[in-house]
Amino acid sequence: MTHADALHHEYVPYFADKGKYPGILGWLLATDHKRIGVLYLVSIFTFFNVAVLLGVLMRVNMIPGHPIMTAQQYNAMFTVHGIIQIFLVVIPAVPTIFGNFFLPILIGGRDMIFPRLNLFTFYLYLLGATLAIVSVFFGGGAVDTGWTFYVPFSLKTTVNVPLAVFAVFILGMSSILTGINIVTTVHQLRAPGMGFFKMPLSVWGFYATAWVQILATPIIGITMLLVVVERLFGIGVFDPTKGGDPLLYQHLFWIYSHPAVYIMILPAMGVISDIFPVFSRKNIYGYKMIAFSSIAIASVGSLVWGHHMYVSGQSDTAGIIFSLITFLVAVPSAIKVFNWLATMYKGSIQIEPPFLYALSFIFLFSIGGLTGLMLGALSPDVQLHNTYFVVGHFHYVVFGGMGFGLFAAFHYWLPKMTGRMYSKKLAIIAWAILFVGFNIFYFPMLILGWQGMPRRFYNYLPQYTDLQQLTTMGSFIMVAGLVFMMAVLVWSVFKGAKAPSNPWGGKTLEWTLPSPPETEDFEETPIITRGPYDFNVKEQSA
Amino acid sequence: MSQHETSGEGGRVGIWLFISTEILLFGGLFLLYSMYRLKNPVEFHNGSLELSRIFGTINTCILITSSLTVALSIHAILRGKKRQTIAYLIGTIGLAFCFLIVKAFEWTEKFHHGLYPNAKVLSSKAHGEILYFGLYYMMTGLHAVHVIVGICVLSVMLSWVIRNKLTSNNPAYLQNAGLYWHLVDLIWIFLFPLFYLIT
């Protein structure tokens with residue numbers, strides 16, 4: 001089906017459709033997967049900006065001679081920064097924004113299978129976010145435990161732990177229901193001919209992620225509930241003065257929170273797997289291996305949580321086993337990286353903004369992954385645990401990996417969502433500033449950590465001054481890049497040139513629809529006869 | 001809007017996935033229970049002696065019967081027998097309330113004996129017993145919350161059946177609610193031996 005065929009009736013973009021409810025209610029009560037995706041987009045980017053601001057404030061505090069906050073304020077700062085980024089931004093971002101907007105289109109479905117449940121998850125998300133924000137200002141003040149809420153400190157501290165922890169519980173429910181919606185949609189709503197191995201790899205990413213959301217999130221749910229009950233009634237299960245074992249808390253916490261890293265990274269990897277073939281004009285190399293490696297990462301990655309606890313007092317045997325499995329996860333991750341590289345080989349490379357983000361994803365994620373192996377090895381971890389090295393490592397993985405994957409997805413799909421094209425030249429300049437700033441920001445952290453600079457301290461010894469200054473400078477450059485990037489994208493939404501239906505020459509289903517799509521995505525259900533990356537088949541472009 | 005087109009199939013997949021998340025939610029507690037039991041076998045034994053097996057057995061019978069009545073209500077609606085469906089649903093909800101009442105008596109009795117978190121009596125006991133009762137209140141409490149949610153869900157079903165919104169044409173909603181109720185029953189089937197029977 002081409003664009004022209006879809007124009008029999010009057011064309012109305014999904015955001016201009018006069019649905020059941022007028023005006024703003026049409027958004028707030030929307031069950032259309034695209035509108036819900038946009039709702040998530042706006043909320044998540046709002047929270048992202050807040051958390052970035054907190055991060056910058058922490059860096060400003062590190063400028064010698066000008067502390068702008070007390071130790072307690074600094075504790076609250078890194079805790080709230082972590083809670084927002086992890087639970088409100090990084091975990092939900094790709095599945096809720098792009099999963100909602102594009103998953104049904106990519107498989108030729110009509111919507112998510114449970115549209116009202118979908119809207120409900122958005123409100124659960126907002127409720128969780130609101131509770132988290134309220135906990136900062138009321139009842140003892142902002143949480144100072146770090147985003148991990150480790151007991152026994154989180155049981156003793158006077159700040160508003162119960163509310164913050166309950167907020168995480170609610171956000172977990174939202175995440176679980178999103179996962180159920182995605183898995184069921186993929187199983188039930190694929191278009192005729194859309195076999196599992198004809199699905200775009202981004203769908204495999206969403207699908208594998210959704211399973212982790214379903215299977216891992218309940219564990220953090222119960223753990224957070226236990227902390228609430230422990231705080232309110234003192235049942236004793238985590239309280240060492242009553243026989244409770246704090247180590248069990250750490251187990252339960254990381255049984256979820258390590259797989260959560262894969263909830264963050266897998267959908268981003270999926271999007272990257274869609275982007276490489278398009279900008280190499282070549283079929284993806286090793287489709288099935290990439291698809292299976294998503295499942296492998298999801299399943300093996302669920303068994304490595306103990307590597308967060310090498311120095312917490314778990315047994316050496318447990319440490320050795322967890323370390324071994326941790327190394328095994330590197331295999332499917334590396335399979336993906338090599339397959340992306342092989343896809344580019346002899347391809348016809350198009351240097352466009354989404355592709356630059358995808359390339360830098362590989363670079364940054366590799367640094368994050370390799371430093372992860374250093375931490376996953378038992379003896380180096382004794383030295384590196386709780387240092388800036390860990391901070392540098394997970395920012396390379398989460399921000400350099402998932403974050404750049406998210407930005408890649410934005411530059412790839414935003415023209416489809418808004419119907420407007422951004423300035424590619426400015427977008428590339430913004431990417432360059434962001435990329436350079438990112439590395440000046442986080443690479444010195446790896447060195448600082450190696451030299452022994454502990455994380456979560458609001459001050460430092462004089463020998464760390466030079467590198468601290470460098471990383472602060474990097475943070476300013478990076479934020480400048482971020483602001484520039486967002487400005488370019490936001491400007492395009494209002495003033496950009498009209499985007500064609502297929503600006504990048506992609507072969508997946510979303511590019512067969514007009515930009516932006518209509519409320520009813522497909523006028524008639526598409527019948528799938530070819531793979532998602534068939535660049536060998538010559539077709540007329542729309 | 002497209003909710004109406006949703007075949008029962010999609011809903012069934014969804015509810016099974018949801019049920020597995022509920023099992024995992026309790027799974028975290030079962031994990032804690034097994035670890036603490038392993039560490040404190042004697043104290044857990046002493047703790048379980050404090051519980052009333054009579055209350056526990058009555059409640060087990062109540063819940064198993066309620067699972068039967070909810071299954072019968074599904075059986076009835078599939079055959080289009082509205083009055084029977086209503087009767088069985090009311091029976092199920094009634095049994096659920098009975099369960100909660102027995103539970104309330106049981107908890108109150110424990111409270112009178114000073115067996116609750118931070119009470120003097122319990123605090124003077126061994127760590128293992130404090131943990132036993134901590135888990136007892138947490139697990140049976142969370143289960144009771146699920147019973148309450150189940151009552152709400154079944155009441156909505158009941159009102160739909162009465163207003164003919166739920167008939168033999170769309171039994172999927174009731175079937176899914178029934179599955180949820182069976183889950184609530186099943187969790188209790190595990191809680192009962194863990195707390196009351198194993199000594």
# chains A, B, ... in the order shown; residues from 1 in each chain; ligands from 1
>>> closest_atom_pairs(of="chain B", to="chain A", cutoff="8 Å", atoms="only C-alpha atoms", output="JSON lines")
{"residue": "B:Met1", "atom": "CA", "partner": "A:Thr31", "partner_atom": "CA", "distance": 7.8}
{"residue": "B:Ser2", "atom": "CA", "partner": "A:Pro115", "partner_atom": "CA", "distance": 7.4}
{"residue": "B:Gln3", "atom": "CA", "partner": "A:Phe114", "partner_atom": "CA", "distance": 6.5}
{"residue": "B:Thr6", "atom": "CA", "partner": "A:Ile113", "partner_atom": "CA", "distance": 7.0}
{"residue": "B:Gly10", "atom": "CA", "partner": "A:Gln188", "partner_atom": "CA", "distance": 6.3}
{"residue": "B:Val13", "atom": "CA", "partner": "A:Thr184", "partner_atom": "CA", "distance": 6.3}
{"residue": "B:Gly14", "atom": "CA", "partner": "A:Ile180", "partner_atom": "CA", "distance": 6.1}
{"residue": "B:Leu17", "atom": "CA", "partner": "A:Ile180", "partner_atom": "CA", "distance": 6.3}
{"residue": "B:Phe18", "atom": "CA", "partner": "A:Ile180", "partner_atom": "CA", "distance": 7.1}
{"residue": "B:Ser20", "atom": "CA", "partner": "A:Leu215", "partner_atom": "CA", "distance": 7.8}
{"residue": "B:Thr21", "atom": "CA", "partner": "A:Pro218", "partner_atom": "CA", "distance": 5.8}
{"residue": "B:Glu22", "atom": "CA", "partner": "A:Pro218", "partner_atom": "CA", "distance": 7.2}
{"residue": "B:Leu24", "atom": "CA", "partner": "A:Pro218", "partner_atom": "CA", "distance": 5.8}
{"residue": "B:Leu25", "atom": "CA", "partner": "A:Pro218", "partner_atom": "CA", "distance": 4.7}
{"residue": "B:Phe26", "atom": "CA", "partner": "A:Ile222", "partner_atom": "CA", "distance": 7.4}
{"residue": "B:Gly27", "atom": "CA", "partner": "A:Ile219", "partner_atom": "CA", "distance": 7.7}
{"residue": "B:Gly28", "atom": "CA", "partner": "A:Ile219", "partner_atom": "CA", "distance": 5.8}
{"residue": "B:Leu29", "atom": "CA", "partner": "A:Ile222", "partner_atom": "CA", "distance": 7.4}
{"residue": "B:Leu32", "atom": "CA", "partner": "A:Leu248", "partner_atom": "CA", "distance": 7.5}
{"residue": "B:Pro117", "atom": "CA", "partner": "A:Ile235", "partner_atom": "CA", "distance": 5.2}
{"residue": "B:Asn118", "atom": "CA", "partner": "A:Gly234", "partner_atom": "CA", "distance": 6.5}
{"residue": "B:His127", "atom": "CA", "partner": "A:Gly243", "partner_atom": "CA", "distance": 4.8}
{"residue": "B:Gly128", "atom": "CA", "partner": "A:Gly243", "partner_atom": "CA", "distance": 6.6}
{"residue": "B:Ile130", "atom": "CA", "partner": "A:Lys242", "partner_atom": "CA", "distance": 6.7}
{"residue": "B:Leu131", "atom": "CA", "partner": "A:Val237", "partner_atom": "CA", "distance": 5.8}
{"residue": "B:Phe133", "atom": "CA", "partner": "A:Ile235", "partner_atom": "CA", "distance": 7.7}
{"residue": "B:Gly134", "atom": "CA", "partner": "A:Ile235", "partner_atom": "CA", "distance": 4.4}
{"residue": "B:Leu135", "atom": "CA", "partner": "A:Val237", "partner_atom": "CA", "distance": 7.2}
{"residue": "B:Met138", "atom": "CA", "partner": "A:Ile235", "partner_atom": "CA", "distance": 7.9}
>>> residues_around(residues="stretch 266-273 of chain A", least_positions_apart="3", cutoff="8 Å", atoms="only C-alpha atoms", output="PyMOL selection string")
chain A and resi 94-95+201-206+208-209+262-263+276-277+284+294+340+358+401-402+405-406+408-409
>>> select_by_dssp(residues="stretch 55-287 of chain A", states="alpha helix (DSSP H)", output="VMD selection string")
chain A and resid 55 to 61 71 to 83 93 100 to 106 115 to 137 153 to 156 161 to 188 201 to 233 246 to 280 287
>>> closest_atom_pairs(of="stretch 40-77 of chain B", to="stretch 84-93 of chain B", cutoff="9 Å", atoms="only C-alpha atoms", output="CSV")
residue,atom,partner,partner_atom,distance
B:Leu63,CA,B:Thr92,CA,8.8
B:Thr65,CA,B:Thr92,CA,8.1
B:Ser66,CA,B:Thr92,CA,4.8
B:Ser67,CA,B:Thr92,CA,7.5
B:Leu68,CA,B:Thr92,CA,8.5
B:Thr69,CA,B:Tyr88,CA,5.4
B:Val70,CA,B:Thr92,CA,6.0
B:Ala71,CA,B:Tyr88,CA,8.7
B:Leu72,CA,B:Tyr88,CA,6.6
B:Ser73,CA,B:Thr85,CA,4.5
B:Ile74,CA,B:Thr85,CA,7.0
B:His75,CA,B:Thr85,CA,8.1
B:Ala76,CA,B:Thr85,CA,5.3
B:Ile77,CA,B:Thr85,CA,5.7
>>> residues_around(residues="A:Ile349", least_positions_apart="6", cutoff="10 Å", atoms="only C-alpha atoms", output="PyMOL selection string")
chain A and resi 276-282+355
>>> closest_residue(among="A:Ser299, A:Phe399, A:Met453, A:Gly368", to="A:Phe48", atoms="only C-alpha atoms")
A:Phe399
>>> atom_distance(atom1="atom CA of A:Pro532", atom2="atom CA of A:Leu39")
27.9 Å
>>> atom_distance(atom1="atom CA of A:Lys507", atom2="atom CA of A:Tyr533")
5.7 Å
>>> closest_residue(among="B:Asn170, B:Val153, B:Ser123, B:Trp107", to="B:Leu51", atoms="only C-alpha atoms")
B:Trp107
>>> atom_distance(atom1="atom CA of A:Tyr310", atom2="atom CA of A:Gly146")
18.6 Å
